[in-house]
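K.L.:
Quick one: structure below, then a few questions.
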Amino acid sequence: MESGPAIFAGTAFALFGGALLLWTTVRVRQGEPVVLGVAPRAAALCAGLAGALSLALGVWCFGRL
């Protein structure tokens, strides 16, 4: 019974982290701003770190099964 929430949380974190990393990569490669009004490198770095952290948290949730 305890694996259900772990599967849901792991899926949510992994999908969000993967999508955020993909979106950030596409925006940076196209030369578009990641966040309006913020330095491009700082915005890309923060978004990349948030995406990687979320993806790692999803993998950790799956590892707890």
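Chain labels A, B, ... are given in the sequence in which chains occur in the structure tokens; within each chain residues are numbered consecutively from 1, and ligands are likewise numbered from 1 in the order shown.
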Write out as a list in words the residues lying within 10 Å of region 33-48 of chain A, counting only C-alpha atoms and excluding same-chain residues fewer than 4 positions away.
P.N.:
Gly17, Leu20, Leu21, Leu22, Trp23, Thr24, Thr25, Val26, Arg27, Val28, Ala52, Leu53 and Ser54 of chain A
K.L.:
If you count only C-alpha atoms, which residues fall within 10 Å of region 1-16 of chain A, apart from same-chain ones fewer than 6 positions away, as a VMD selection string?
P.N.:
chain A and resid 22 50 to 65
K.L.:
Can you write just those residues out, C-alpha atoms, as a CSV table (one decimal), in the first residue's frame?
P.N.:
chain,number,residue,atom,x,y,z
A,22,LEU,CA,14.0,20.0,-22.0
A,50,ALA,CA,15.6,23.0,-10.3
A,51,GLY,CA,15.0,20.5,-13.2
A,52,ALA,CA,18.0,18.3,-12.2
A,53,LEU,CA,17.0,18.4,-8.6
A,54,SER,CA,13.4,17.4,-9.4
A,55,LEU,CA,14.5,14.6,-11.7
A,56,ALA,CA,16.9,13.3,-9.0
A,57,LEU,CA,14.1,13.4,-6.5
A,58,GLY,CA,11.9,11.4,-8.8
A,59,VAL,CA,14.7,8.8,-9.2
A,60,TRP,CA,15.1,8.7,-5.5
A,61,CYS,CA,11.4,8.1,-5.0
A,62,PHE,CA,11.6,5.2,-7.4
A,63,GLY,CA,14.6,3.8,-5.6
A,64,ARG,CA,12.6,3.7,-2.4
A,65,LEU,CA,10.2,1.1,-3.8
K.L.:
Select from region 9-61 of chain A everything DSSP, run on the backbone, classes as alpha helix (DSSP H), then give the selection as a PyMOL selection string.
P.N.:
chain A and resi 9-30+40-61
